[in-house]
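Student: This is target-v5.cif, which holds mmCIF, C-alpha atoms:
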data_data
loop_
_atom_site.label_atom_id
_atom_site.label_comp_id
_atom_site.auth_asym_id
_atom_site.auth_seq_id
_atom_site.Cartn_x
_atom_site.Cartn_y
_atom_site.Cartn_z
CA MET D 162 -4.24 -2.16 13.91
CA PHE D 163 -3.00 -2.59 17.41
CA LEU D 164 -0.16 -0.51 18.83
CA ASN D 165 1.87 0.05 21.99
CA GLY D 166 0.91 3.16 23.91
CA TYR D 167 2.94 5.79 25.68
CA ARG D 168 3.23 4.07 29.06
CA PRO D 169 6.73 3.36 30.39
CA CYS D 170 5.90 -0.34 30.91
CA ASP D 171 5.70 -0.74 27.11
CA LEU D 172 2.03 -1.68 26.78
CA LYS D 173 0.58 -2.65 23.43
CA THR D 174 -1.91 -0.74 21.41
CA LEU D 175 -4.06 -1.77 18.49
CA SER D 176 -3.06 0.73 15.85
CA GLY D 177 -3.51 1.70 12.25
CA PRO D 178 -6.54 0.69 10.22
CA CYS D 179 -6.91 -1.37 13.33
CA CYS D 180 -8.38 -4.31 11.58
CA ALA D 181 -8.62 -4.11 7.83
CA SER D 182 -8.77 -6.13 4.64
CA TYR D 183 -5.46 -4.83 3.21
CA ASP D 184 -6.52 -5.96 -0.22
CA MET D 185 -4.15 -4.62 -2.88
CA VAL D 186 -1.78 -3.17 -0.27
CA HIS D 187 -0.48 0.21 -1.49
CA TYR D 188 1.53 3.11 -0.08
CA GLY D 189 -1.64 4.65 1.34
CA HIS D 190 -1.99 1.66 3.66
CA SER D 191 1.73 1.88 4.48
CA ASN D 192 1.38 5.56 5.35
CA GLN D 193 -1.49 4.81 7.73
CA LEU D 194 0.64 2.16 9.42
CA ARG D 195 3.55 4.60 9.66
CA GLN D 196 1.32 7.17 11.36
CA ALA D 197 -0.15 4.53 13.64
CA LYS D 198 3.27 3.28 14.78
CA ALA D 199 4.24 6.87 15.64
CA MET D 200 1.37 6.98 18.15
CA GLY D 201 2.87 4.27 20.33
CA ASP D 202 5.58 1.65 20.76
CA TYR D 203 4.37 -1.65 19.32
CA LEU D 204 2.08 -2.04 16.31
CA ILE D 205 -0.20 -5.05 15.89
CA VAL D 206 -2.22 -5.17 12.68
CA GLY D 207 -5.42 -7.16 12.35
CA VAL D 208 -6.10 -8.59 8.88
CA HIS D 209 -9.49 -10.02 7.90
CA THR D 210 -10.16 -13.38 6.27
CA ASP D 211 -11.42 -13.75 2.70
CA ALA D 212 -14.83 -14.82 4.04
CA GLU D 213 -15.20 -11.69 6.20
CA ILE D 214 -14.24 -9.37 3.35
CA SER D 215 -16.59 -11.10 0.91
CA LYS D 216 -19.45 -10.79 3.40
CA HIS D 217 -19.00 -7.08 4.16
CA LYS D 218 -17.32 -5.62 1.06
CA GLY D 219 -17.17 -8.09 -1.82
CA PRO D 220 -14.55 -10.45 -3.27
CA PRO D 221 -10.90 -9.61 -2.42
CA VAL D 222 -8.25 -9.43 -5.16
CA PHE D 223 -5.65 -11.27 -3.05
CA THR D 224 -6.04 -14.35 -0.85
CA GLN D 225 -5.79 -13.99 2.91
CA GLU D 226 -2.41 -15.77 2.94
CA GLU D 227 -1.06 -13.27 0.38
CA ARG D 228 -2.45 -10.37 2.40
CA TYR D 229 -0.99 -11.63 5.68
CA LYS D 230 2.47 -11.80 4.14
CA MET D 231 2.18 -8.38 2.46
CA VAL D 232 1.30 -6.66 5.75
CA ARG D 233 4.11 -8.47 7.61
CA ALA D 234 6.57 -7.05 5.07
CA ILE D 235 5.71 -3.41 5.91
CA LYS D 236 8.52 -2.11 8.09
CA TRP D 237 6.37 -0.35 10.72
CA VAL D 238 4.45 -3.54 11.59
CA ASP D 239 5.59 -5.48 14.65
CA GLU D 240 2.99 -8.25 14.60
CA ILE D 241 -0.18 -9.23 12.76
CA VAL D 242 -3.38 -10.95 13.87
CA GLU D 243 -4.61 -13.36 11.21
CA GLY D 244 -8.37 -13.60 10.80
CA ALA D 245 -9.12 -10.49 12.86
CA PRO D 246 -12.85 -9.82 13.42
CA TYR D 247 -14.43 -7.27 11.07
CA VAL D 248 -15.92 -5.32 13.99
CA THR D 249 -13.29 -4.15 16.50
CA THR D 250 -14.48 -4.59 20.09
CA LEU D 251 -13.04 -3.84 23.52
CA GLU D 252 -12.69 -7.60 23.95
CA THR D 253 -10.32 -7.69 20.95
CA LEU D 254 -8.20 -4.85 22.35
CA ASP D 255 -8.00 -6.51 25.76
CA LYS D 256 -7.17 -9.91 24.26
CA TYR D 257 -3.99 -8.47 22.72
CA ASN D 258 -3.22 -6.11 25.64
CA CYS D 259 -3.75 -3.05 23.48
CA ASP D 260 -4.33 0.46 24.80
CA PHE D 261 -6.22 1.71 21.78
CA CYS D 262 -6.87 1.12 18.12
CA VAL D 263 -6.17 3.40 15.15
CA HIS D 264 -7.96 3.86 11.85
CA GLY D 265 -7.90 6.32 8.99
CA ASP D 266 -10.20 9.35 8.88
CA ASP D 267 -12.59 7.54 6.55
CA ILE D 268 -15.39 5.31 7.80
CA THR D 269 -15.68 1.50 7.81
CA LEU D 270 -19.14 0.00 7.77
CA THR D 271 -20.54 -3.48 8.30
CA VAL D 272 -22.81 -5.15 5.75
CA ASP D 273 -25.81 -3.57 7.52
CA GLY D 274 -24.26 -0.07 7.55
CA LYS D 275 -22.97 0.14 11.15
CA ASP D 276 -19.65 1.78 12.13
CA THR D 277 -17.19 -1.04 12.89
CA TYR D 278 -15.43 1.11 15.54
CA GLU D 279 -18.52 2.32 17.40
CA GLU D 280 -17.78 0.41 20.64
CA VAL D 281 -14.11 1.44 20.97
CA LYS D 282 -14.95 5.04 20.09
CA ARG D 283 -17.51 5.21 22.91
CA ALA D 284 -14.89 3.83 25.32
CA GLY D 285 -12.31 6.46 24.33
CA ARG D 286 -9.91 3.83 22.98
CA TYR D 287 -9.87 5.00 19.38
CA ARG D 288 -7.34 7.18 17.53
CA GLU D 289 -7.41 8.49 14.00
CA CYS D 290 -4.74 9.06 11.35
CA LYS D 291 -4.96 10.98 8.09
CA ARG D 292 -5.94 9.22 4.91
CA THR D 293 -3.33 9.47 2.13
CA GLN D 294 -4.70 11.63 -0.66
CA GLY D 295 -4.32 10.48 -4.25
CA VAL D 296 -4.39 6.71 -3.81
CA SER D 297 -7.16 4.21 -3.43
CA THR D 298 -7.88 0.69 -4.58
CA THR D 299 -10.68 2.23 -6.67
CA ASP D 300 -8.23 4.37 -8.60
CA LEU D 301 -5.69 1.59 -9.13
CA VAL D 302 -8.33 -0.82 -10.41
CA GLY D 303 -9.65 1.92 -12.69
CA ARG D 304 -6.18 2.41 -14.20
CA MET D 305 -5.89 -1.32 -14.90
CA LEU D 306 -9.25 -1.53 -16.61
CA LEU D 307 -8.99 1.64 -18.66
CA MET D 308 -5.60 0.80 -20.20
CA THR D 309 -4.50 4.39 -20.84
CA LYS D 310 -1.32 6.18 -19.76
CA ALA D 311 -2.98 9.23 -18.20
CA HIS D 312 -1.66 8.29 -14.74
CA HIS D 313 1.99 8.51 -15.91
CA SER D 314 1.89 12.28 -16.21
CA ASN D 315 -0.79 12.85 -13.53
CA ILE D 316 -2.93 14.49 -16.22
CA VAL D 317 -6.47 13.14 -15.90
CA SER D 318 -8.12 12.87 -19.30
CA LEU D 319 -11.89 13.22 -19.80
CA HIS D 320 -12.12 9.52 -20.70
CA TYR D 321 -10.25 8.53 -17.53
CA GLN D 322 -12.42 10.82 -15.38
CA GLN D 323 -15.62 9.34 -16.83
CA HIS D 324 -14.36 5.85 -16.08
CA THR D 325 -13.44 6.61 -12.47
CA ASP D 326 -16.80 8.33 -12.02
CA ASN D 327 -18.55 5.15 -13.15
CA PHE D 328 -16.33 2.93 -11.05
CA GLY D 329 -16.38 4.87 -7.79
CA LYS D 330 -19.67 6.77 -7.73
CA GLY D 331 -22.83 5.80 -5.97
CA PRO D 332 -26.37 6.84 -6.94
CA LYS D 333 -26.21 9.91 -4.66
CA GLY D 334 -22.82 11.27 -5.72
CA HIS D 335 -19.22 10.90 -4.58
CA SER D 336 -18.16 9.78 -1.15
CA PRO D 337 -14.98 11.57 0.02
CA TRP D 338 -13.68 8.16 1.19
CA THR D 339 -14.14 6.17 -2.03
CA GLY D 340 -13.60 8.77 -4.75
CA VAL D 341 -10.43 9.23 -6.76
CA SER D 342 -8.01 12.09 -6.07
CA GLN D 343 -4.58 13.09 -7.32
CA PHE D 344 -1.37 12.07 -5.58
CA LEU D 345 1.24 14.80 -5.17
CA GLN D 346 4.73 13.68 -4.18
CA THR D 347 6.71 15.79 -1.71
CA SER D 348 10.24 15.52 -0.35
CA GLN D 349 8.77 15.29 3.17
CA LYS D 350 6.82 12.16 2.23
CA ILE D 351 9.96 10.46 0.91
CA ILE D 352 11.84 11.41 4.10
CA GLN D 353 9.05 9.92 6.23
CA PHE D 354 9.26 6.61 4.35
CA ALA D 355 13.06 6.42 3.96
CA SER D 356 15.18 4.59 6.53
CA GLY D 357 17.89 7.27 6.49
CA LYS D 358 20.49 4.61 7.27
CA GLU D 359 23.83 4.55 5.48
CA PRO D 360 25.61 1.24 4.79
CA GLN D 361 27.99 0.30 7.58
CA PRO D 362 31.40 -1.45 7.41
CA GLY D 363 30.77 -5.16 7.05
CA ASP D 364 27.43 -4.71 5.25
CA THR D 365 26.93 -6.55 1.95
CA ILE D 366 25.54 -4.03 -0.56
CA ILE D 367 23.05 -5.79 -2.83
CA TYR D 368 21.53 -4.08 -5.87
CA VAL D 369 18.33 -5.06 -7.68
CA ALA D 370 16.43 -3.15 -10.35
CA GLY D 371 13.04 -3.16 -12.02
CA ALA D 372 9.61 -1.58 -12.22
CA PHE D 373 8.21 -3.02 -8.97
CA ASP D 374 4.79 -1.95 -10.21
CA LEU D 375 1.70 -2.51 -8.04
CA PHE D 376 4.08 -3.69 -5.33
CA HIS D 377 2.77 -7.18 -4.53
CA ILE D 378 3.54 -10.49 -2.82
CA GLY D 379 5.72 -11.62 -5.73
CA HIS D 380 7.99 -8.62 -5.13
CA VAL D 381 8.01 -9.26 -1.38
CA ASP D 382 9.03 -12.90 -1.79
CA PHE D 383 11.82 -11.89 -4.19
CA LEU D 384 13.17 -9.13 -1.91
CA GLU D 385 13.00 -11.39 1.12
CA MET D 386 15.10 -13.97 -0.75
CA VAL D 387 17.55 -11.22 -1.81
CA TYR D 388 17.78 -10.07 1.81
CA LYS D 389 18.75 -13.60 2.85
CA GLN D 390 21.74 -13.65 0.47
CA ALA D 391 23.97 -12.06 3.12
CA GLU D 392 24.39 -11.98 6.89
CA ARG D 393 24.27 -8.16 6.97
CA PRO D 394 22.44 -7.11 3.80
CA TYR D 395 21.98 -3.52 2.63
CA VAL D 396 19.48 -3.79 -0.23
CA ILE D 397 19.29 -1.00 -2.81
CA VAL D 398 16.38 -1.07 -5.26
CA GLY D 399 16.77 0.75 -8.57
CA LEU D 400 13.42 1.94 -9.94
CA HIS D 401 13.13 2.67 -13.66
CA PHE D 402 11.36 5.82 -14.85
CA ASP D 403 7.81 5.42 -16.23
CA GLN D 404 8.90 5.88 -19.86
CA GLU D 405 11.56 3.18 -19.48
CA VAL D 406 9.09 0.74 -17.94
CA ASN D 407 6.62 1.42 -20.71
CA ARG D 408 9.34 0.79 -23.30
CA TYR D 409 9.94 -2.76 -22.16
CA LYS D 410 6.50 -3.65 -20.76
CA GLY D 411 4.19 -1.82 -23.19
CA LYS D 412 0.42 -1.38 -22.81
CA ASN D 413 -0.34 1.19 -20.06
CA TYR D 414 2.42 0.03 -17.74
CA PRO D 415 3.46 1.05 -15.17
CA ILE D 416 0.10 1.19 -13.40
CA MET D 417 1.77 3.22 -10.63
CA ASN D 418 3.97 6.15 -11.55
CA ILE D 419 7.56 6.56 -10.33
CA HIS D 420 6.57 8.59 -7.25
CA GLU D 421 4.02 6.01 -6.12
CA ARG D 422 6.38 3.10 -6.75
CA THR D 423 9.10 4.80 -4.73
CA LEU D 424 6.96 4.96 -1.58
CA SER D 425 5.66 1.42 -2.08
CA VAL D 426 9.18 -0.02 -2.20
CA LEU D 427 10.54 2.17 0.64
CA ALA D 428 7.83 0.79 2.93
CA CYS D 429 9.21 -2.75 2.57
CA ARG D 430 11.26 -3.96 5.56
CA TYR D 431 13.81 -5.69 3.30
CA VAL D 432 14.76 -2.46 1.47
CA SER D 433 17.41 -0.01 2.73
CA GLU D 434 17.53 2.51 -0.14
CA VAL D 435 15.86 3.34 -3.47
CA VAL D 436 17.42 4.83 -6.60
CA ILE D 437 14.70 6.91 -8.26
CA GLY D 438 15.03 6.69 -12.03
CA ALA D 439 17.81 4.10 -12.16
CA PRO D 440 19.43 3.39 -15.55
CA TYR D 441 18.18 0.25 -17.28
CA ALA D 442 21.71 -1.05 -17.77
CA VAL D 443 23.54 -1.79 -14.51
CA GLY D 444 26.84 -0.22 -15.53
CA LYS D 445 30.26 0.51 -14.11
CA ASP D 446 29.41 3.97 -12.75
CA LEU D 447 26.43 2.72 -10.74
CA LEU D 448 28.30 -0.29 -9.33
CA ASP D 449 31.30 1.83 -8.31
CA HIS D 450 29.23 4.69 -6.90
CA PHE D 451 27.25 2.44 -4.52
CA LYS D 452 30.17 0.01 -3.98
CA VAL D 453 27.88 -2.88 -4.93
CA ASP D 454 28.97 -6.35 -3.78
CA LEU D 455 26.16 -8.34 -5.38
CA VAL D 456 23.58 -7.79 -8.14
CA CYS D 457 20.43 -9.95 -8.11
CA HIS D 458 17.64 -10.55 -10.59
CA GLY D 459 14.59 -12.81 -10.46
CA LYS D 460 13.47 -15.45 -12.93
CA THR D 461 11.58 -13.02 -15.16
CA GLU D 462 12.93 -12.48 -18.67
CA VAL D 463 15.73 -9.91 -19.00
CA LEU D 464 15.12 -7.82 -22.11
CA PRO D 465 18.12 -6.22 -23.87
CA ASP D 466 18.80 -2.49 -23.56
CA LYS D 467 17.98 -0.11 -26.44
CA ASP D 468 21.36 -0.88 -28.01
CA GLY D 469 20.72 -4.63 -27.81
CA VAL D 470 23.21 -5.17 -24.97
CA ASP D 471 22.52 -7.32 -21.89
CA PRO D 472 21.76 -4.80 -19.07
CA TYR D 473 23.59 -7.09 -16.62
CA ALA D 474 26.74 -7.52 -18.72
CA GLU D 475 28.97 -5.53 -16.31
CA PRO D 476 27.99 -7.32 -13.06
CA LYS D 477 28.30 -10.66 -14.89
CA LYS D 478 31.78 -9.69 -16.05
CA ARG D 479 32.73 -8.86 -12.45
CA GLY D 480 31.31 -12.16 -11.22
CA ILE D 481 28.83 -10.49 -8.85
CA PHE D 482 25.56 -11.37 -10.64
CA ARG D 483 23.18 -13.88 -9.09
CA ALA D 484 19.82 -15.17 -10.39
CA ILE D 485 17.30 -15.57 -7.56
CA ASP D 486 14.36 -17.97 -7.55
CA SER D 487 11.86 -16.81 -4.94
CA GLY D 488 9.47 -19.66 -5.66
CA ASN D 489 6.71 -17.16 -6.46
CA ASN D 490 5.81 -16.61 -10.12
CA LEU D 491 3.14 -13.94 -9.54
CA THR D 492 3.52 -10.93 -11.86
CA THR D 493 1.81 -7.57 -12.25
CA ASP D 494 0.17 -8.99 -15.40
CA ASP D 495 -1.41 -11.74 -13.27
CA ILE D 496 -2.92 -9.16 -10.91
CA VAL D 497 -4.36 -7.13 -13.79
CA GLN D 498 -5.86 -10.36 -15.16
CA ARG D 499 -7.54 -11.07 -11.80
CA ILE D 500 -9.11 -7.62 -11.91
CA ILE D 501 -10.29 -7.89 -15.52
CA GLU D 502 -11.86 -11.31 -14.90
CA ASN D 503 -13.83 -9.92 -11.95
CA ARG D 504 -14.49 -6.44 -13.33
CA LEU D 505 -18.27 -6.41 -12.81
CA GLN D 506 -17.94 -7.69 -9.24
CA PHE D 507 -15.43 -4.98 -8.37
CA GLU D 508 -17.55 -2.24 -9.93
CA ALA D 509 -20.59 -3.46 -7.99
CA ARG D 510 -18.51 -3.70 -4.80
CA ASN D 511 -17.31 -0.11 -5.05
CA GLN D 512 -20.70 1.35 -5.89
CA LYS D 513 -22.33 -0.54 -3.00
CA LYS D 514 -19.60 0.68 -0.61
CA GLU D 515 -20.00 4.28 -1.70
CA ALA D 516 -23.80 4.15 -1.45
CA LYS D 517 -23.47 3.10 2.22
CA GLU D 518 -20.96 5.88 2.87
CA MET D 519 -23.24 8.50 1.29
CA ALA D 520 -26.11 7.35 3.51
CA VAL D 521 -23.89 7.87 6.58
CA ILE D 522 -22.87 11.34 5.34
CA GLU D 523 -26.53 12.32 4.88
CA ALA D 524 -27.38 11.08 8.41
CA MET D 525 -24.43 13.03 9.88
CA LYS D 526 -25.55 16.21 8.09
CA LYS D 527 -29.11 15.84 9.38
CA ARG D 528 -27.86 15.26 12.93
CA GLU D 529 -25.62 18.37 12.75
CA GLN D 530 -28.51 20.47 11.40
CA LYS D 531 -30.77 19.20 14.18
CA GLU D 532 -28.17 19.99 16.85
CA GLN D 533 -27.64 23.47 15.42
CA GLY D 534 -31.40 24.04 15.40
CA GLU D 535 -31.68 23.02 19.06
CA ALA D 536 -28.79 25.27 20.18
CA PRO D 537 -29.89 28.35 22.18
CA ALA D 538 -30.20 31.47 20.10
CA GLN D 539 -27.40 34.03 20.49
CA THR D 540 -28.43 37.41 21.96
CA ALA D 541 -27.71 40.24 19.56
CA HIS D 542 -25.79 43.23 20.94
#
Now, as a test, write the supplied structure out as structure tokens.
Tutor:
Amino acid sequence: MFLNGYRPCDLKTLSGPCCASYDMVHYGHSNQLRQAKAMGDYLIVGVHTDAEISKHKGPPVFTQEERYKMVRAIKWVDEIVEGAPYVTTLETLDKYNCDFCVHGDDITLTVDGKDTYEEVKRAGRYRECKRTQGVSTTDLVGRMLLMTKAHHSNIVSLHYQQHTDNFGKGPKGHSPWTGVSQFLQTSQKIIQFASGKEPQPGDTIIYVAGAFDLFHIGHVDFLEMVYKQAERPYVIVGLHFDQEVNRYKGKNYPIMNIHERTLSVLACRYVSEVVIGAPYAVGKDLLDHFKVDLVCHGKTEVLPDKDGVDPYAEPKKRGIFRAIDSGNNLTTDDIVQRIIENRLQFEARNQKKEAKEMAVIEAMKKREQKEQGEAPAQTAH
């Protein structure tokens, strides 16, 4: 990513996972972008083409057009570069008037195993941000393929662990950058993602509700359309608890638990506030409490509540319900289907990636051992 630096003349800097694939954008990516933006003034994010990703990593889940739009929707991003080169050079930084680039504390390698940030690191124009523990594309894909509910309670079953081992483990063991870890929600993390802005007089308070699972381009298109329903929108998203989502969606849904979905939605630039564990029925108490002016729902089927009642009966009675057609029919089911159809390719992609990372780790260890061996011996006193 590219980002503005600290200079008073407001210079740009290439920040975040400076240039990245952003395939299956999740809150881990958003958190890197948040950290990157905090390092400067203006954040430019480079996103690779499908061809570049396929060459260096394997087939992407989402098309480049979908990925461009997903990254643009993250609220810390000021600008994106479409078709950014896979290897970040000083020429790229200079082209966009960037002071430095930012990447996570993992490593990104080319198809032949070279560090993609080697040149900018040598020039001192590289910054690093912390990787978000507990989330990775590897883990999310594993949840989709395994079809269990272990991720709802954060209790990792033996079966789930065996699957993630197979999916994200190279021949020489686990890489710390590709392996699966557990996400632990904290109040600080929510504060970092939240806007902290209260609705102001003259704002139109719009309420939407749902699972918003595996937050994707279909959700972004819907929320963008909701945002456009008013001149000064204040969009509140109600997120249903995991058990509620599973009641009406079945299988092993939601793929992301309530904590993960909260951060994913808060990172969207069209969202002002999130209700964690919103009731399925949009009732009088909720509408009055938030002083809701408009309730929106997409074109997906609205299933009745447990008592058989329409969950939108109250807003319809008040005349404040509006059905929104975003023009995008993509669903979470569609994404899971993409993964299942390409399962073997994704498994091979991850194992190949981890094997390269393990080779780098081994080389780093040998170099450290060599340097320690060459260091002058300490004189004993």
Student: Suppose a student applies the PyMOL selection byres ((chain D and resi 283-286) around 9) to this structure; what residues should they get, written as number ranges by chain?
Tutor: D: 251, 254, 260-263, 278-282, 287-288
Student: Could you tell me which of D:Tyr229, D:Tyr188, D:Phe354, D:Tyr257 comes closest to Leu427 in chain D if we count only C-alpha atoms?
Tutor: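 Checking each candidate against Leu427 in chain D, we get D:Phe354 as the closest.
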Student: Interatomic distance between CA of Ile241 in chain D and CA of Asp486 in chain D?
Tutor: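 Computing the Euclidean distance for CA of Ile241 in chain D and CA of Asp486 in chain D yields 26.5 Å.
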Student: Taking the file as shown, what set of residues would the PyMOL selection byres ((chain D and resi 456) around 8) give back, as a compact mmCIF listing (two decimals) with C-alpha atoms, keeping the file's coordinate frame?
Tutor:
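Heads up, here's the output in expr26.txt:
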# COMPACT_ATOMS: atom_id res chain seq x y z
CA ILE D 367 23.05 -5.79 -2.83
CA TYR D 368 21.53 -4.08 -5.87
CA VAL D 369 18.33 -5.06 -7.68
CA VAL D 453 27.88 -2.88 -4.93
CA ASP D 454 28.97 -6.35 -3.78
CA LEU D 455 26.16 -8.34 -5.38
CA CYS D 457 20.43 -9.95 -8.11
CA HIS D 458 17.64 -10.55 -10.59
CA PRO D 476 27.99 -7.32 -13.06
CA ILE D 481 28.83 -10.49 -8.85
CA PHE D 482 25.56 -11.37 -10.64
CA ARG D 483 23.18 -13.88 -9.09
Student: At a cut-off of 8 Å from (8.2, -2.5, 14.2) in the coordinates of the file, what residues are picked up using only C-alpha atoms, written as a VMD selection string?
Tutor: chain D and resid 198 203 to 204 236 to 240
Student: Which residue, D:Pro472, D:Gly189, D:Gly207, D:Pro465, has the smallest gap to Gly244 in chain D when you use only C-alpha atoms?
Tutor: D:Gly207
Student: Go through range 198-302 of chain D residue by residue and, counting all atoms listed in the file, keep those with an atom at most 9 Å from range 494-503 of chain D; for each kept residue give the shortest atom pair and its distance in Å to one decimal, ordered by chain and increasing number, as a Markdown table.
Tutor:
| residue | atom | partner | partner_atom | distance |
| --- | --- | --- | --- | --- |
| D:Pro220 | CA | D:Asn503 | CA | 8.7 |
| D:Val222 | CA | D:Arg499 | CA | 6.9 |
| D:Phe223 | CA | D:Ile496 | CA | 8.6 |
| D:Val302 | CA | D:Ile500 | CA | 7.0 |
Student: Pull out every residue that the PyMOL selection byres ((chain D and resi 400) around 10) matches in the shown coordinates and put them as a count of residues only.
Tutor: 26
Student: In Å to one decimal, how far is CA of Glu421 in chain D from CA of Lys350 in chain D?
Tutor: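 Distance reported for this atom pair: 10.7 Å.
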